[in-house]
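See below for the structure under consideration.
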Amino acid sequence: MSAKALAKKALKPLLVSMADRFGPHRRPTSAPRLWVLMYHRILPEGDPRYHQEEPGMRVTPESFDMHLRELKRHFEMVSLGDWVRAREAGEELPQHACAVTFDDGWLDNFEYALPLLRKHRVPATLFAVAEKIGTDFQFWPNVVSALMLGGVGPTLAKHPVLGVEGMGASHPSSDQVAHCIKQLKSYTDEALFGALEELHWRDLLAEPMTPALMNWAQLKEMQASGWVEVGSHTCTHQRLTSALPETELQREIVESRSILEQKLQCPISLFCFPNGDYSADALALVERHYTGAVTTQKGINDAANCALHELVRVGIHNDITHTPRLFGARLSGWV
Ligand SMILES: [Zn+2]
């Protein structure tokens, strides 16, 4: 390790401590702000799904319980939809508002997040992939991970697309799995799903995978709890880049809203861009059909001036938020 890297490592605890103690979440600000937290999965460490997931996607129920407790100390917890509507109406906004969001509609959100939202009486917004709810859809990184951890890596290694460096390991570590997934991200989702289908990946697993996403009854139950507002995260989770044809863009943005409204029998007013990607056309369409939208860009929103359809968020995952101090530092936006 270089002297510079060593110094950085040595200073990290100090920086974390300073960020936790003196970050903007601790101090009154001259203008109201909105923190939007981005969660994906809530899974206990003992659950096999925890190990099939990338570290950047998961938070344990114990950490989430602590997060909600801490958040209530520093913020006025708001529903994102209510906050957006209040700003649109020109109402007075809380000084330190914080909204919890979940992307995708994972089954574990129903299993582990809902009871904790209820317990702490904290509202949240869940962005659902409309056409994948209640299906056996799996995200490709989880499939690759399950196959590798199931000892199928050597078979995948022979495939022209999937055979990236390190794939041949028969007992891979989680770092090796992460390394392979990272390399595969250079391919399109279509190419990766195509490659996995070619290999009949479901037949290669000793046990079928647990459904990734919740079903409609579970999504309805979350909504009926009174603590969860549902927003759209497109129909199929395609990236809304300029490469996407106009008809597809329309379907992903407009049709997803109709599906959710029809199934859930309530208006849908919020949107979340998959992977944080969006073209100018995608943004224009989202502005026309929704009252607000979130990106994956990191930051804290200045309530008066932020663009309601390009709200920035703070990504939360277990590795960097499993103690109150680390979580506080993350909320500062400094680390
Ligand atoms: Zn997503």
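To be explicit about the labels: the chains of the structure tokens are called A, B, and onward in the order shown, and within each one the residues are counted from 1, while ligands get numbers from 1 in the order they are shown.
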
If we count only C-alpha atoms, what is near Thr323 of chain A at a cut-off of 12 Å, once residues fewer than 4 positions away on the same chain are taken out, given as a PyMOL selection string? chain A and resi 16-17+20+59-60+62-67+69-70+317-319+327-330

Output the selection as an mmCIF file, in the first residue's frame - C-alpha atoms for each residue.
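result-v9.cif, freshly written:
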data_model
loop_
_atom_site.group_PDB
_atom_site.id
_atom_site.type_symbol
_atom_site.label_atom_id
_atom_site.label_comp_id
_atom_site.auth_asym_id
_atom_site.auth_seq_id
_atom_site.Cartn_x
_atom_site.Cartn_y
_atom_site.Cartn_z
ATOM 1 C CA VAL A 16 -16.397 9.305 9.424
ATOM 2 C CA SER A 17 -16.576 10.660 12.945
ATOM 3 C CA ASP A 20 -21.377 11.977 11.564
ATOM 4 C CA VAL A 59 -29.041 -4.106 4.139
ATOM 5 C CA THR A 60 -29.791 -6.444 7.069
ATOM 6 C CA GLU A 62 -30.975 -5.246 12.133
ATOM 7 C CA SER A 63 -29.298 -2.334 10.317
ATOM 8 C CA PHE A 64 -32.594 -1.143 8.809
ATOM 9 C CA ASP A 65 -34.178 -1.177 12.274
ATOM 10 C CA MET A 66 -31.290 0.996 13.551
ATOM 11 C CA HIS A 67 -31.527 3.283 10.483
ATOM 12 C CA ARG A 69 -34.544 4.747 14.742
ATOM 13 C CA GLU A 70 -31.676 7.112 13.861
ATOM 14 C CA HIS A 317 -26.063 -0.485 1.846
ATOM 15 C CA ASN A 318 -24.949 -2.532 4.804
ATOM 16 C CA ASP A 319 -21.165 -2.373 4.413
ATOM 17 C CA PHE A 327 -24.903 5.651 8.930
ATOM 18 C CA GLY A 328 -24.671 9.231 10.237
ATOM 19 C CA ALA A 329 -21.565 9.811 8.123
ATOM 20 C CA ARG A 330 -23.373 8.502 5.041
#

Residues at most 12 Å from Phe271 of chain A, counting only C-alpha atoms, excluding those fewer than 3 positions away in the same chain, as a PyMOL selection string? chain A and resi 80-81+84+101-104+125-130+229-235+237+252-254+256-257+260+268+274+276+278+282-283+285-295+308-311

Could the residues in this selection be saved with C-alpha atoms as an mmCIF file, in the first residue's frame?
data_model
loop_
_atom_site.group_PDB
_atom_site.id
_atom_site.type_symbol
_atom_site.label_atom_id
_atom_site.label_comp_id
_atom_site.auth_asym_id
_atom_site.auth_seq_id
_atom_site.Cartn_x
_atom_site.Cartn_y
_atom_site.Cartn_z
ATOM 1 C CA LEU A 80 -41.904 11.271 -1.080
ATOM 2 C CA GLY A 81 -45.259 11.691 -2.810
ATOM 3 C CA VAL A 84 -43.514 16.484 -3.921
ATOM 4 C CA THR A 101 -37.364 4.634 -1.151
ATOM 5 C CA PHE A 102 -37.017 1.032 -2.316
ATOM 6 C CA ASP A 103 -36.182 0.142 -5.914
ATOM 7 C CA ASP A 104 -37.530 -2.826 -7.915
ATOM 8 C CA THR A 125 -42.049 4.680 -1.527
ATOM 9 C CA LEU A 126 -41.592 1.435 -3.428
ATOM 10 C CA PHE A 127 -40.747 1.630 -7.134
ATOM 11 C CA ALA A 128 -42.087 -1.523 -8.797
ATOM 12 C CA VAL A 129 -41.061 -3.056 -12.131
ATOM 13 C CA ALA A 130 -44.664 -3.333 -13.328
ATOM 14 C CA GLU A 229 -46.775 4.404 -1.692
ATOM 15 C CA VAL A 230 -46.063 2.615 -4.966
ATOM 16 C CA GLY A 231 -44.297 4.311 -7.883
ATOM 17 C CA SER A 232 -43.278 3.071 -11.330
ATOM 18 C CA HIS A 233 -39.850 1.647 -12.149
ATOM 19 C CA THR A 234 -40.817 0.952 -15.807
ATOM 20 C CA CYS A 235 -42.391 -2.228 -17.238
ATOM 21 C CA HIS A 237 -36.352 -2.418 -16.090
ATOM 22 C CA GLU A 252 -41.778 1.653 -20.302
ATOM 23 C CA ILE A 253 -42.839 5.046 -18.980
ATOM 24 C CA VAL A 254 -46.534 5.419 -19.796
ATOM 25 C CA SER A 256 -46.077 0.927 -16.600
ATOM 26 C CA ARG A 257 -48.128 3.606 -14.916
ATOM 27 C CA LEU A 260 -49.851 -0.244 -11.727
ATOM 28 C CA ILE A 268 -49.424 6.497 -9.548
ATOM 29 C CA PRO A 274 -33.659 2.143 -13.908
ATOM 30 C CA GLY A 276 -30.265 6.041 -13.145
ATOM 31 C CA TYR A 278 -32.229 8.595 -18.963
ATOM 32 C CA ALA A 282 -37.192 9.935 -21.449
ATOM 33 C CA LEU A 283 -37.026 12.858 -19.042
ATOM 34 C CA LEU A 285 -41.973 11.944 -21.104
ATOM 35 C CA VAL A 286 -41.576 11.368 -17.369
ATOM 36 C CA GLU A 287 -42.191 15.087 -16.745
ATOM 37 C CA ARG A 288 -45.418 14.840 -18.722
ATOM 38 C CA HIS A 289 -46.770 11.734 -16.974
ATOM 39 C CA TYR A 290 -45.531 11.945 -13.369
ATOM 40 C CA THR A 291 -45.345 14.611 -10.667
ATOM 41 C CA GLY A 292 -41.865 13.544 -9.518
ATOM 42 C CA ALA A 293 -38.990 11.162 -10.275
ATOM 43 C CA VAL A 294 -35.799 9.922 -8.640
ATOM 44 C CA THR A 295 -32.368 9.227 -10.150
ATOM 45 C CA LEU A 308 -38.778 17.421 -9.128
ATOM 46 C CA HIS A 309 -38.125 14.887 -11.905
ATOM 47 C CA GLU A 310 -34.404 14.549 -11.237
ATOM 48 C CA LEU A 311 -34.296 14.129 -7.469
#

Helix (DSSP H, G or I) call set, DSSP backbone run, segment 98-176 of chain A, as a PyMOL selection string: chain A and resi 107-120+140-149+153-156+174-176

What does the distance between atom CA of Trp35 of chain A and atom CA of Val314 of chain A come to in Å, to one decimal place?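 Result for atom CA of Trp35 of chain A versus atom CA of Val314 of chain A: 7.2 Å, one decimal.
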
Calculated over only C-alpha atoms, which of the candidates A:Arg33, A:Gln138, A:Glu131, A:Arg73 has the smallest distance to Arg251 of chain A? A:Glu131

Top pick for closest residue to ligand 1, considering A:Pro32, A:Gly105, A:Gly166, A:Gly315 and counting only C-alpha atoms and all ligand atoms: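 Of all the options, A:Gly105 lies closest to ligand 1.
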
As a PyMOL selection string, please: the residues near Gly163 of chain A (cut-off 10 Å, only C-alpha atoms, same-chain neighbours under 5 positions excluded). chain A and resi 153-158+168+180+183-184

Can those selected residues be exported to a file as a short mmCIF file (atom, residue, chain, number, x, y, z; two decimals), in the first residue's frame so that it contains C-alpha atoms?
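What landed in result.cif:
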data_model
loop_
_atom_site.label_atom_id
_atom_site.label_comp_id
_atom_site.auth_asym_id
_atom_site.auth_seq_id
_atom_site.Cartn_x
_atom_site.Cartn_y
_atom_site.Cartn_z
CA GLY A 153 -18.88 -21.58 -12.85
CA PRO A 154 -16.71 -24.02 -14.85
CA THR A 155 -19.66 -24.64 -17.22
CA LEU A 156 -20.29 -20.90 -17.66
CA ALA A 157 -16.57 -20.37 -18.24
CA LYS A 158 -16.84 -22.18 -21.59
CA GLY A 168 -13.93 -21.16 -13.92
CA CYS A 180 -17.11 -11.71 -12.57
CA GLN A 183 -16.86 -7.72 -15.91
CA LEU A 184 -20.20 -8.93 -17.29
#

For ligand 1, the nearest of the candidates A:Ala206, A:Ile181, A:Val228, A:Met38, counting only C-alpha atoms and all ligand atoms: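 Closest to ligand 1 of all the choices is A:Met38.
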
Using only C-alpha atoms, which of the listed residues (A:Leu149, A:Ala304, A:Leu331, A:Ile133) sits closest to Ile259 of chain A? A:Ile133

Neighbour list for Glu197 of chain A as an NGL selection string, cut-off 12 Å, only C-alpha atoms, skip fewer than 3 positions in-chain: :A and (140 or 143-144 or 156 or 159 or 162 or 190-194 or 200-204)

When distances are computed from only C-alpha atoms and all ligand atoms, which of A:Ser174, A:Thr296, A:Gln250, A:Asn142 shows the smallest separation from ligand 1?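 Of all the options, A:Thr296 lies closest to ligand 1.
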
Quote the spacing between atom CA of Arg41 of chain A and atom CA of Gln223 of chain A in Å to one decimal place. 17.7 Å

So that I can see what lies close to Ser173 of chain A, please list as a list in words the residues with an atom at most 10 Å from it, counting only C-alpha atoms and leaving out residues fewer than 4 positions away in the same chain. Met148, Leu149, Ala169, Val177, Ala178 and His179 of chain A

Between A:Leu270, A:Met57, A:Met222, A:Leu15, which is the closest to ligand 1 once you count only C-alpha atoms and all ligand atoms?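 Ranked by minimum distance to ligand 1, first place goes to A:Met57.
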
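Picture a line from atom CA of Leu326 of chain A to atom CA of Lys9 of chain A; it runs 14.9 Å.
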
If we count only C-alpha atoms and set the cut-off at 10 Å, which residues sit around Ala97 of chain A, ignoring sequence neighbours fewer than 6 positions away in its own chain? Please answer as a list in words.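 Residues meeting the cut-off are His25, Pro32, Arg33, Leu34, Trp35, Val36, Leu71, His74, Phe75, Glu76, Met77, Val78, Ser79, Leu80, Trp83, Asn301 and Ala303 of chain A.
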
If you keep C-alpha atoms, can you produce a file of those selected residues as a JSON list (two decimals), in the first residue's frame?
[["chain", "number", "residue", "atom", "x", "y", "z"],
["A", 25, "HIS", "CA", -28.09, 16.34, 8.89],
["A", 32, "PRO", "CA", -35.16, 23.37, 3.64],
["A", 33, "ARG", "CA", -33.61, 20.21, 2.26],
["A", 34, "LEU", "CA", -34.81, 16.78, 1.27],
["A", 35, "TRP", "CA", -32.82, 13.60, 1.77],
["A", 36, "VAL", "CA", -34.05, 10.69, -0.37],
["A", 71, "LEU", "CA", -33.57, 8.81, 11.04],
["A", 74, "HIS", "CA", -32.52, 13.74, 12.80],
["A", 75, "PHE", "CA", -35.36, 14.21, 10.33],
["A", 76, "GLU", "CA", -39.01, 14.74, 9.72],
["A", 77, "MET", "CA", -39.81, 11.51, 7.93],
["A", 78, "VAL", "CA", -42.04, 12.17, 4.93],
["A", 79, "SER", "CA", -43.62, 10.20, 2.15],
["A", 80, "LEU", "CA", -41.90, 11.27, -1.08],
["A", 83, "TRP", "CA", -43.39, 16.05, -0.12],
["A", 301, "ASN", "CA", -31.92, 18.02, -2.55],
["A", 303, "ALA", "CA", -36.00, 21.89, -1.50]]

Mind checking which residues fall within 6 Å of Val312 of chain A, counting only C-alpha atoms, ignoring those fewer than 4 positions away in the same chain, and posting them as a list of chain:residue names?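 My list of contacting residues is A:Thr295, A:Gln297, A:Lys298, A:Gly299.
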
If you run DSSP on the backbone, which residues of segment 63-205 of chain A are strand (DSSP E), as a PDB file with N, CA and C atoms, in the first residue's frame?
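Contents of selection_11.pdb, freshly written:
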ATOM      1  N   GLU A  76     -37.571  14.950   9.815  1.00  0.00           N
ATOM      2  CA  GLU A  76     -39.011  14.744   9.720  1.00  0.00           C
ATOM      3  C   GLU A  76     -39.194  13.736   8.595  1.00  0.00           C
ATOM      4  N   MET A  77     -39.662  12.554   8.940  1.00  0.00           N
ATOM      5  CA  MET A  77     -39.809  11.506   7.927  1.00  0.00           C
ATOM      6  C   MET A  77     -41.068  11.775   7.113  1.00  0.00           C
ATOM      7  N   HIS A  96     -35.555  19.692   7.574  1.00  0.00           N
ATOM      8  CA  HIS A  96     -34.811  18.467   7.311  1.00  0.00           C
ATOM      9  C   HIS A  96     -35.809  17.357   7.030  1.00  0.00           C
ATOM     10  N   ALA A  97     -36.181  17.201   5.755  1.00  0.00           N
ATOM     11  CA  ALA A  97     -37.128  16.136   5.423  1.00  0.00           C
ATOM     12  C   ALA A  97     -36.356  14.941   4.895  1.00  0.00           C
ATOM     13  N   CYS A  98     -36.860  13.756   5.171  1.00  0.00           N
ATOM     14  CA  CYS A  98     -36.210  12.550   4.660  1.00  0.00           C
ATOM     15  C   CYS A  98     -37.254  11.556   4.181  1.00  0.00           C
ATOM     16  N   ALA A  99     -37.049  11.039   2.974  1.00  0.00           N
ATOM     17  CA  ALA A  99     -37.959  10.047   2.396  1.00  0.00           C
ATOM     18  C   ALA A  99     -37.186   8.762   2.122  1.00  0.00           C
ATOM     19  N   VAL A 100     -37.787   7.636   2.516  1.00  0.00           N
ATOM     20  CA  VAL A 100     -37.186   6.321   2.279  1.00  0.00           C
ATOM     21  C   VAL A 100     -37.749   5.771   0.967  1.00  0.00           C
ATOM     22  N   THR A 101     -36.874   5.263   0.092  1.00  0.00           N
ATOM     23  CA  THR A 101     -37.364   4.634  -1.151  1.00  0.00           C
ATOM     24  C   THR A 101     -36.728   3.253  -1.322  1.00  0.00           C
ATOM     25  N   PHE A 102     -37.497   2.376  -1.966  1.00  0.00           N
ATOM     26  CA  PHE A 102     -37.017   1.032  -2.316  1.00  0.00           C
ATOM     27  C   PHE A 102     -37.152   0.857  -3.818  1.00  0.00           C
ATOM     28  N   ASP A 103     -36.117   0.370  -4.475  1.00  0.00           N
ATOM     29  CA  ASP A 103     -36.182   0.142  -5.914  1.00  0.00           C
ATOM     30  C   ASP A 103     -36.505  -1.319  -6.226  1.00  0.00           C
ATOM     31  N   ASP A 104     -37.269  -1.532  -7.254  1.00  0.00           N
ATOM     32  CA  ASP A 104     -37.530  -2.826  -7.915  1.00  0.00           C
ATOM     33  C   ASP A 104     -38.765  -3.594  -7.435  1.00  0.00           C
ATOM     34  N   ALA A 124     -42.705   5.026   3.266  1.00  0.00           N
ATOM     35  CA  ALA A 124     -41.697   4.731   2.236  1.00  0.00           C
ATOM     36  C   ALA A 124     -42.373   4.674   0.875  1.00  0.00           C
ATOM     37  N   THR A 125     -41.552   4.824  -0.158  1.00  0.00           N
ATOM     38  CA  THR A 125     -42.049   4.680  -1.527  1.00  0.00           C
ATOM     39  C   THR A 125     -41.358   3.478  -2.143  1.00  0.00           C
ATOM     40  N   LEU A 126     -42.156   2.624  -2.796  1.00  0.00           N
ATOM     41  CA  LEU A 126     -41.592   1.435  -3.428  1.00  0.00           C
ATOM     42  C   LEU A 126     -41.787   1.543  -4.935  1.00  0.00           C
ATOM     43  N   PHE A 127     -40.688   1.519  -5.677  1.00  0.00           N
ATOM     44  CA  PHE A 127     -40.747   1.630  -7.134  1.00  0.00           C
ATOM     45  C   PHE A 127     -40.755   0.228  -7.742  1.00  0.00           C
ATOM     46  N   ALA A 128     -41.905  -0.150  -8.316  1.00  0.00           N
ATOM     47  CA  ALA A 128     -42.087  -1.523  -8.797  1.00  0.00           C
ATOM     48  C   ALA A 128     -41.863  -1.638 -10.303  1.00  0.00           C
TER      49      ALA A 128
END
